[in-house]
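K.L.:
To start, I am sharing the structure in question, which I have written as structure tokens.
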Amino acid sequence: MTRVSLVVPCYNAAKTLRLCLESVLSQTRPPDEIVVVDDASTDDSAAIAERLGCRVVRLARNQGVSAARNAGVDATTGEIIFFLDSDVALRSDAVANAVEILERDPGLGCVHGVYDTEPLIDDGPVEWYRILHAVHWRSRHIGEVNSVVFALAAIRRDVLLGAGRFDERLRDCEDVEYSSRLAVRSRIALTDTVVGRHDDGSRLLPILGEQWRRALPLIPLALATSRRGAAKPEHANSPAGILACALALATLALALASVPFGLFVPALLLVPAALVVAFVLADPRLVRFVNRQRGPAFTVYFMAVHLAVHAVLVTGLAVGSLRVLPGFRRSAAEPA
């Protein structure tokens, strides 16, 4: 029988870790070993894991999720490694379904899953925005894919070792970077039979800050992976929506820039307004999905937050793209 090791990286996860691990212990196909890697938490995460009978690997200092996952791999022996984030609680058949998919198709190296449409802990409308957006974009890509979200993912150990370790220099976009190495070596599947309820962020400003950090390295990573011949990862957002948001920001900036010169005409604002409408219409399936889940009032709120997130994404992509310019790299390397 295939041996399965489940690895949970965690940092200050006391709010959700018990729910996460209880869901693991309730699996119809329990993993053969459960290792919780405590990334130098300052709360009682490690104690919670130990009380539930899990083996705990403690890191001496906080190093990020990539280092925690690498430490989990080093501490386990299973032929299949199931990575699970500490803020996700699995549906009872998740491990069984992941193992069955990998055993049925020996050529498949990795399978990962989707979130439930309801959060693990209901913390308000911003969290509902995050959950529904994540569910929608992943569900669009069910089947063979070029990227992995390691929040709930099972991978063959030999495939993992062949692709190398997680890049411990990265604290954001580590999944994107690792996927670029994995996809050229092995087939990857996204399935809606491996499901978990996720406790996502619930405050807008930290979420916008996270989006900014994740946007900055995306252009350099995309160029680096294309040079390696890796296939493009799946889009979380509509390319047409990103373009409409970028043009809306650009035309709004031009309209406002005309004010000091006495050239401002109120009608100029109709252009960015029209582009905002185009942004909303760029992904009609998303609008319909949110409306089915939460109704029209929440859909309006959802799209307003979605626009704010895209504004930060577009700005971060623009700033991050400067990193690929030779002149920028030289000036950044020079001492201040």
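Scheme for the structure tokens: letters A, B, ... for chains in order shown; per-chain residue numbers from 1; ligand numbers from 1 in order shown.
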Find the residues of region 170-228 of chain A that sit at most 12 Å from region 20-35 of chain A; for each, write down the nearest two atoms and how far apart they are in Å, to one decimal. Count only C-alpha atoms. Sort by chain, then by number going up, and give it as a tab-separated table.
P.N.:
residue	atom	partner	partner_atom	distance
A:Val194	CA	A:Gln27	CA	11.7
A:Val195	CA	A:Ser23	CA	11.4
A:Gly196	CA	A:Ser23	CA	9.2
A:Arg197	CA	A:Cys20	CA	9.1
A:His198	CA	A:Cys20	CA	9.3
A:Asp199	CA	A:Cys20	CA	10.0
K.L.:
Those same residues, written as a CSV table (one decimal), in the first residue's frame with C-alpha atoms?
P.N.:
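out_31.csv written:
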chain,number,residue,atom,x,y,z
A,194,VAL,CA,-9.9,17.2,-3.2
A,195,VAL,CA,-11.7,19.9,-1.3
A,196,GLY,CA,-10.9,22.0,1.8
A,197,ARG,CA,-12.5,24.8,3.7
A,198,HIS,CA,-10.1,27.8,3.9
A,199,ASP,CA,-9.9,30.5,6.5
K.L.:
Neighbours of His235 (chain A) within 9 Å (only C-alpha atoms; same-chain residues fewer than 6 positions away dropped), as a count of residues only?
P.N.:
3
K.L.:
Report as a ChimeraX atom specification all protein, DNA and RNA residues lying within 7 Å of region 299-307 of chain A, evaluated on only C-alpha atoms, omitting residues in the same chain fewer than 5 positions from it.
P.N.:
/A:129,280,287,290-291
K.L.:
Find the distance between CA of His112 (chain A) and CA of Ala311 (chain A) and write it in Å to one decimal.
P.N.:
29.0 Å
K.L.:
Each residue of region 101-143 of chain A lying at most 6 Å from region 173-188 of chain A should get a row with its shortest atom-to-atom pair and the distance in Å to one decimal, counting only C-alpha atoms; could you produce that, ordered by chain and increasing number, as JSON lines?
P.N.:
{"residue": "A:Leu108", "atom": "CA", "partner": "A:Arg187", "partner_atom": "CA", "distance": 5.0}
{"residue": "A:Gly109", "atom": "CA", "partner": "A:Ser186", "partner_atom": "CA", "distance": 5.4}
{"residue": "A:Cys110", "atom": "CA", "partner": "A:Ile188", "partner_atom": "CA", "distance": 4.9}
{"residue": "A:Val111", "atom": "CA", "partner": "A:Ile188", "partner_atom": "CA", "distance": 5.8}
K.L.:
Would you save the residues of that selection, restricted to N, CA and C atoms, as a CSV table (one decimal), in the first residue's frame?
P.N.:
chain,number,residue,atom,x,y,z
A,108,LEU,N,1.0,10.7,-13.8
A,108,LEU,CA,0.6,12.0,-13.1
A,108,LEU,C,1.5,12.2,-11.9
A,109,GLY,N,2.2,13.3,-11.8
A,109,GLY,CA,3.1,13.5,-10.7
A,109,GLY,C,2.5,14.2,-9.5
A,110,CYS,N,1.5,15.1,-9.8
A,110,CYS,CA,0.9,15.9,-8.7
A,110,CYS,C,-0.5,16.2,-8.9
A,111,VAL,N,-1.3,16.2,-7.9
A,111,VAL,CA,-2.7,16.6,-8.0
A,111,VAL,C,-3.0,17.6,-6.8
K.L.:
Which neighbours of Arg18 (chain A) fall inside 10 Å, counting only C-alpha atoms, when residues of the same chain fewer than 5 positions from it are skipped, and could you give them as number ranges by chain?
P.N.:
A: 13, 23-24, 45, 48-49, 51-52, 86-87, 89
K.L.:
Put those residues in a file: N, CA, C and O atoms, as a compact mmCIF listing (two decimals), in the first residue's frame.
P.N.:
# COMPACT_ATOMS: atom_id res chain seq x y z
N ALA A 13 -0.56 29.72 13.97
CA ALA A 13 -1.79 29.22 13.37
C ALA A 13 -2.78 28.70 14.40
O ALA A 13 -3.65 27.89 14.08
N SER A 23 -9.51 17.63 10.91
CA SER A 23 -10.00 17.17 9.61
C SER A 23 -9.08 16.10 9.03
O SER A 23 -9.53 15.16 8.37
N VAL A 24 -7.79 16.21 9.29
CA VAL A 24 -6.84 15.20 8.82
C VAL A 24 -7.06 13.87 9.56
O VAL A 24 -7.07 12.79 8.96
N SER A 45 0.84 27.05 18.69
CA SER A 45 0.60 26.15 17.56
C SER A 45 1.24 24.78 17.77
O SER A 45 0.59 23.74 17.56
N ILE A 48 -0.63 22.66 20.30
CA ILE A 48 -1.90 22.16 19.74
C ILE A 48 -1.64 20.91 18.92
O ILE A 48 -2.34 19.89 19.05
N ALA A 49 -0.64 20.95 18.06
CA ALA A 49 -0.32 19.80 17.21
C ALA A 49 0.10 18.60 18.04
O ALA A 49 -0.31 17.46 17.77
N ARG A 51 -0.69 17.92 21.16
CA ARG A 51 -1.84 17.38 21.92
C ARG A 51 -2.71 16.49 21.04
O ARG A 51 -3.38 15.58 21.54
N LEU A 52 -2.71 16.74 19.73
CA LEU A 52 -3.49 15.93 18.82
C LEU A 52 -2.70 14.72 18.29
O LEU A 52 -3.16 14.01 17.40
N SER A 86 -2.10 25.29 7.12
CA SER A 86 -2.67 25.20 8.46
C SER A 86 -4.01 25.91 8.61
O SER A 86 -4.67 25.78 9.64
N ASP A 87 -4.42 26.67 7.59
CA ASP A 87 -5.71 27.35 7.64
C ASP A 87 -6.75 26.68 6.72
O ASP A 87 -7.73 27.29 6.33
N ALA A 89 -9.15 23.10 6.29
CA ALA A 89 -9.68 21.85 6.85
C ALA A 89 -10.23 21.00 5.70
O ALA A 89 -11.09 21.46 4.94
K.L.:
So that I can check the secondary structure, give me every residue of region 162-208 of chain A assigned strand (DSSP E) by backbone DSSP, as a PyMOL selection string.
P.N.:
chain A and resi 187-198
K.L.:
Write a file of the just-selected residues containing N, CA, C and O atoms, as a short mmCIF file (atom, residue, chain, number, x, y, z; two decimals), in the first residue's frame.
P.N.:
data_model
loop_
_atom_site.label_atom_id
_atom_site.label_comp_id
_atom_site.auth_asym_id
_atom_site.auth_seq_id
_atom_site.Cartn_x
_atom_site.Cartn_y
_atom_site.Cartn_z
N ARG A 187 3.34 15.76 -15.29
CA ARG A 187 1.97 16.22 -15.48
C ARG A 187 1.35 16.58 -14.13
O ARG A 187 1.63 15.94 -13.11
N ILE A 188 0.49 17.59 -14.16
CA ILE A 188 -0.15 18.11 -12.95
C ILE A 188 -1.65 18.15 -13.21
O ILE A 188 -2.09 18.52 -14.30
N ALA A 189 -2.44 17.77 -12.20
CA ALA A 189 -3.90 17.81 -12.34
C ALA A 189 -4.51 18.65 -11.23
O ALA A 189 -4.04 18.64 -10.09
N LEU A 190 -5.54 19.38 -11.59
CA LEU A 190 -6.37 20.10 -10.63
C LEU A 190 -7.73 19.42 -10.59
O LEU A 190 -8.34 19.18 -11.64
N THR A 191 -8.18 19.06 -9.39
CA THR A 191 -9.42 18.30 -9.26
C THR A 191 -10.37 18.96 -8.26
O THR A 191 -9.92 19.58 -7.30
N ASP A 192 -11.67 18.78 -8.50
CA ASP A 192 -12.66 19.26 -7.55
C ASP A 192 -13.13 18.16 -6.61
O ASP A 192 -14.13 18.30 -5.91
N THR A 193 -12.36 17.05 -6.56
CA THR A 193 -12.66 16.00 -5.59
C THR A 193 -11.77 16.08 -4.36
O THR A 193 -11.97 15.32 -3.40
N VAL A 194 -10.76 16.94 -4.39
CA VAL A 194 -9.92 17.22 -3.21
C VAL A 194 -10.30 18.62 -2.75
O VAL A 194 -9.93 19.62 -3.38
N VAL A 195 -11.06 18.69 -1.67
CA VAL A 195 -11.71 19.94 -1.27
C VAL A 195 -11.36 20.26 0.18
O VAL A 195 -11.29 19.37 1.04
N GLY A 196 -11.16 21.54 0.46
CA GLY A 196 -10.92 21.99 1.83
C GLY A 196 -11.58 23.33 2.08
O GLY A 196 -11.72 24.15 1.18
N ARG A 197 -12.00 23.54 3.31
CA ARG A 197 -12.54 24.84 3.71
C ARG A 197 -11.39 25.69 4.23
O ARG A 197 -10.60 25.27 5.08
N HIS A 198 -11.30 26.92 3.70
CA HIS A 198 -10.15 27.78 3.93
C HIS A 198 -10.54 28.97 4.79
O HIS A 198 -11.57 29.60 4.57
#
K.L.:
Which one of A:Ala282, A:Val36, A:Leu6, A:Val65 sits closest to Arg156 (chain A) if you count only C-alpha atoms?
P.N.:
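Closest to Arg156 (chain A), using only C-alpha atoms: A:Leu6.
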K.L.:
For Gly124 (chain A), which of A:Thr42, A:Gln63, A:Thr16, A:Ser202 is the closest residue, counting only C-alpha atoms?
P.N.:
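Of A:Thr42, A:Gln63, A:Thr16, A:Ser202, the one nearest Gly124 (chain A) is A:Ser202, counting only C-alpha atoms.
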K.L.:
For Val4 (chain A), please output as a PyMOL selection string all residues within 12 Å (counting only C-alpha atoms; exclusion window: fewer than 4 positions along the same chain).
P.N.:
chain A and resi 29-35+73+76-83+95-96+98-100+102-103+154-157
K.L.:
Nearest to Leu205 (chain A) among A:Thr315, A:Val309, A:Arg58, A:Ala14, with distances taken over only C-alpha atoms: which residue is it?
P.N.:
A:Val309
K.L.:
So the first atom is CA of Pro233 (chain A) and the second is CA of Val324 (chain A); what is the distance between them in Å, to one decimal place?
P.N.:
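Taking CA of Pro233 (chain A) as the start and CA of Val324 (chain A) as the end point, the length is 19.6 Å.
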K.L.:
Determine which residues of region 143-315 of chain A DSSP labels as helix (DSSP H, G or I) from the backbone of this structure, then write them out as an NGL selection string.
P.N.:
:A and (157-163 or 174-182 or 204-215 or 218-227 or 239-257 or 259-261 or 266-281 or 284-294 or 296-315)
K.L.:
Find, counting only C-alpha atoms, the residue in A:Leu90, A:Ala244, A:Leu84, A:Ala308 that gets nearest to Val149 (chain A).
P.N.:
A:Leu84
K.L.:
Restricting the calculation to only C-alpha atoms: of A:Ile207, A:Cys245, A:Leu218, A:Val37, which residue gets closest to Gly64 (chain A)?
P.N.:
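Checking each of A:Ile207, A:Cys245, A:Leu218, A:Val37 against Gly64 (chain A), counting only C-alpha atoms, the winner is A:Val37.
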K.L.:
Go ahead and compute the interatomic distance for CA of Ser321 (chain A) and CA of Pro220 (chain A), in Å to one decimal.
P.N.:
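These atoms are spaced 6.7 Å apart.
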